[in-house]
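Here is start.tsv, consisting of TSV, C-alpha atoms:
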```tsv
chain	number	residue	atom	x	y	z
A	1	PRO	CA	24.20	0.13	-9.28
A	2	LEU	CA	24.32	-1.89	-6.09
A	3	LEU	CA	25.47	-5.50	-6.31
A	4	TRP	CA	21.97	-6.83	-5.67
A	5	SER	CA	20.05	-4.46	-7.98
A	6	LEU	CA	18.31	-5.73	-11.08
A	7	PRO	CA	20.18	-5.34	-14.35
A	8	THR	CA	19.20	-2.42	-16.53
A	9	ARG	CA	17.94	-2.96	-20.09
A	10	GLY	CA	21.41	-2.42	-21.55
A	11	HIS	CA	22.95	-5.18	-19.40
A	12	SER	CA	20.84	-8.02	-20.72
A	13	ASN	CA	20.79	-9.81	-24.05
A	14	LEU	CA	17.30	-11.13	-23.28
A	15	PRO	CA	14.26	-9.62	-25.03
A	16	SER	CA	11.68	-7.70	-23.06
A	17	ALA	CA	8.47	-9.52	-22.14
A	18	ASP	CA	6.61	-7.73	-24.98
A	19	GLU	CA	9.31	-8.65	-27.51
A	20	PHE	CA	9.32	-12.27	-26.34
A	21	MET	CA	5.52	-12.62	-26.60
A	22	LYS	CA	5.44	-11.04	-30.07
A	23	SER	CA	8.05	-13.49	-31.36
A	24	TYR	CA	6.41	-16.42	-29.52
A	25	ILE	CA	3.00	-15.71	-31.06
A	26	ALA	CA	4.52	-15.15	-34.52
A	27	GLU	CA	6.34	-18.50	-34.32
A	28	LYS	CA	3.17	-20.33	-33.16
A	29	ARG	CA	1.24	-18.84	-36.08
A	30	ARG	CA	4.05	-19.68	-38.53
A	31	LEU	CA	3.89	-23.32	-37.39
A	32	GLY	CA	0.09	-23.37	-37.50
A	33	LYS	CA	-0.16	-24.05	-33.76
A	34	ASP	CA	-3.14	-22.95	-31.67
A	35	ILE	CA	-2.67	-20.08	-29.27
A	36	PRO	CA	-4.59	-21.22	-26.15
A	37	TRP	CA	-5.95	-17.83	-25.07
A	38	GLU	CA	-7.33	-17.18	-28.56
A	39	MET	CA	-9.33	-20.41	-28.71
A	40	PRO	CA	-13.11	-20.09	-28.37
A	41	LEU	CA	-14.70	-21.05	-25.06
A	42	GLY	CA	-16.16	-24.53	-25.05
A	43	ASP	CA	-13.57	-25.86	-27.48
A	44	GLU	CA	-12.40	-29.29	-26.30
A	45	GLN	CA	-8.77	-28.31	-26.89
A	46	ALA	CA	-9.00	-25.12	-24.82
A	47	VAL	CA	-6.78	-24.89	-21.77
A	48	LYS	CA	-8.55	-26.16	-18.66
A	49	LEU	CA	-7.34	-25.93	-15.08
A	50	PRO	CA	-8.01	-28.69	-12.56
A	51	LEU	CA	-10.25	-27.34	-9.82
A	52	PRO	CA	-10.24	-26.36	-7.05
A	53	ILE	CA	-7.06	-24.30	-7.06
A	54	ILE	CA	-5.61	-23.65	-3.62
A	55	GLY	CA	-3.09	-20.82	-3.26
A	56	LEU	CA	-0.74	-21.43	-0.35
A	57	ASN	CA	0.78	-18.04	0.19
A	58	PHE	CA	2.89	-16.02	2.56
A	59	PRO	CA	1.51	-12.85	4.20
A	60	LYS	CA	1.35	-9.84	1.86
A	61	SER	CA	1.76	-12.01	-1.25
A	62	ALA	CA	-1.16	-10.70	-3.36
A	63	THR	CA	-3.79	-13.16	-2.12
A	64	LEU	CA	-6.62	-10.65	-2.52
A	65	THR	CA	-5.37	-9.69	-5.98
A	66	LEU	CA	-5.35	-13.37	-7.02
A	67	LYS	CA	-8.89	-13.77	-5.68
A	68	GLU	CA	-10.03	-10.80	-7.76
A	69	PHE	CA	-8.16	-12.12	-10.83
A	70	PHE	CA	-9.94	-15.49	-10.73
A	71	SER	CA	-13.31	-13.87	-9.90
A	72	CYS	CA	-12.90	-11.61	-12.93
A	73	GLY	CA	-12.41	-14.75	-15.03
A	74	GLY	CA	-15.76	-16.14	-13.90
A	75	LEU	CA	-14.56	-18.58	-11.22
A	76	THR	CA	-16.03	-18.75	-7.74
A	77	ALA	CA	-13.08	-17.44	-5.75
A	78	ILE	CA	-12.79	-16.84	-2.02
A	79	HIS	CA	-10.22	-15.18	0.20
A	80	THR	CA	-9.42	-16.55	3.69
A	81	SER	CA	-12.92	-17.59	4.70
A	82	ALA	CA	-15.95	-19.22	3.17
A	83	GLN	CA	-19.56	-18.95	4.25
A	84	GLN	CA	-18.83	-21.90	6.53
A	85	GLY	CA	-16.10	-19.92	8.36
A	86	ARG	CA	-12.32	-19.81	8.04
A	87	ILE	CA	-11.20	-22.38	5.52
A	88	ALA	CA	-8.21	-23.60	7.52
A	89	ILE	CA	-10.40	-24.37	10.56
A	90	CYS	CA	-12.94	-26.21	8.42
A	91	MET	CA	-10.13	-28.24	6.80
A	92	ARG	CA	-8.53	-29.05	10.15
A	93	GLU	CA	-11.83	-30.20	11.65
A	94	ASN	CA	-12.42	-32.44	8.63
A	95	LEU	CA	-8.98	-34.03	8.92
A	96	LEU	CA	-9.43	-34.64	12.66
A	97	ALA	CA	-12.79	-36.29	11.93
A	98	GLY	CA	-11.23	-38.47	9.20
A	99	ASN	CA	-12.97	-36.67	6.33
A	100	ALA	CA	-11.60	-35.17	3.12
A	101	PRO	CA	-10.13	-31.70	3.85
A	102	LEU	CA	-12.64	-29.70	1.78
A	103	ASN	CA	-15.72	-31.72	2.78
A	104	GLY	CA	-18.39	-29.11	3.53
A	105	CYS	CA	-15.98	-26.16	3.05
A	106	ASN	CA	-16.00	-26.10	-0.71
A	107	HIS	CA	-19.16	-24.25	-1.69
A	108	THR	CA	-20.64	-20.78	-1.78
A	109	GLN	CA	-24.33	-19.92	-1.81
A	110	ASP	CA	-25.34	-16.89	-3.85
A	111	GLU	CA	-27.13	-14.50	-1.49
A	112	LYS	CA	-29.53	-13.28	-4.21
A	113	THR	CA	-30.44	-16.48	-6.06
A	114	GLY	CA	-29.71	-19.10	-3.39
A	115	GLU	CA	-27.72	-21.09	-5.96
A	116	VAL	CA	-24.96	-23.20	-4.41
A	117	LYS	CA	-21.70	-23.29	-6.38
A	118	PRO	CA	-18.42	-25.09	-5.67
A	119	ASN	CA	-15.48	-22.83	-4.82
A	120	ASP	CA	-13.02	-22.95	-7.71
A	121	PHE	CA	-10.22	-20.94	-6.13
A	122	PHE	CA	-9.03	-20.47	-2.56
A	123	SER	CA	-6.64	-17.53	-2.47
A	124	ASP	CA	-5.70	-17.94	1.17
A	125	ILE	CA	-6.81	-20.72	3.48
A	126	GLY	CA	-6.62	-18.41	6.48
A	127	THR	CA	-4.19	-20.17	8.76
```
Represent the structure of the file as structure tokens.
Amino acid sequence: PLLWSLPTRGHSNLPSADEFMKSYIAEKRRLGKDIPWEMPLGDEQAVKLPLPIIGLNFPKSATLTLKEFFSCGGLTAIHTSAQQGRIAICMRENLLAGNAPLNGCNHTQDEKTGEVKPNDFFSDIGT
């Protein structure tokens, strides 16, 4: 292999990702520890993320995939622009006016129901 190629399975003493997760879960269960992704929704000890999440990414770095991932999980996720226009422009105008960056840029109105929801995830601010 080339000097910069990834090591093959035989060159590493580390377990595969599947092997690691199986042993990790087994050890958590042996110790009687909760496994966060198995906890019921609404449980006060469940893992919670602070919102909103802003992904600052480089071009071609899976921004649309991340948007779809968070949308699939039930979060209001947007990619590059909100209903108010491009997020970066909205943020810049707020800063120049002395306002909080997301003031007025951080919501989405459902086209069918008219319900206004805060944006939980920005996958690309659209600079």
Review point. Which of these, A:Cys105, A:Ile35, A:Leu49, A:Leu95, has the shortest distance to Phe70 (chain A) once you count only C-alpha atoms?
Key: A:Leu49
Point to revise | Among the residues A:Met91, A:Leu64, A:Ala77, A:Leu31, the one that comes closest to His107 (chain A) [using all atoms listed in the file] | key: A:Ala77
Exercise for review: Would you work out the distance separating CA of Asn13 (chain A) from CA of Lys33 (chain A), expressed in Å to one decimal?
Suggested key: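 According to the coordinates, CA of Asn13 (chain A) and CA of Lys33 (chain A) are separated by 27.1 Å.
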Point to revise | Shortest interatomic distance to Pro50 (chain A) - which of A:Glu19, A:Phe121, A:Gly32, A:Cys90, counting only C-alpha atoms | key: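 Result for the nearest residue to Pro50 (chain A): A:Phe121.
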Practice item. Between A:Ser16, A:Ser23, A:Asn119, A:Gln109, single out the one closest to Ile78 (chain A), counting only C-alpha atoms. Key: A:Asn119
Practice item. Have a look at A:Tyr24, A:Asn103, A:Glu38, A:Phe122 and name the one nearest to Ile53 (chain A); count all atoms listed in the file. Key: A:Phe122
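For the pair CA of Ala88 (chain A) and CA of Leu102 (chain A), the interatomic distance is 9.5 Å.
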Check your understanding: So what do you get for CA of Asp120 (chain A) versus CA of Thr108 (chain A), distance-wise?
Key ->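 These atoms are spaced 9.9 Å apart.
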Point to revise | Shortest interatomic distance to Pro118 (chain A) - which of A:Asn57, A:Thr65, A:Asn94, A:Thr76, counting only C-alpha atoms | key: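 Of A:Asn57, A:Thr65, A:Asn94, A:Thr76, the one nearest Pro118 (chain A) is A:Thr76, counting only C-alpha atoms.
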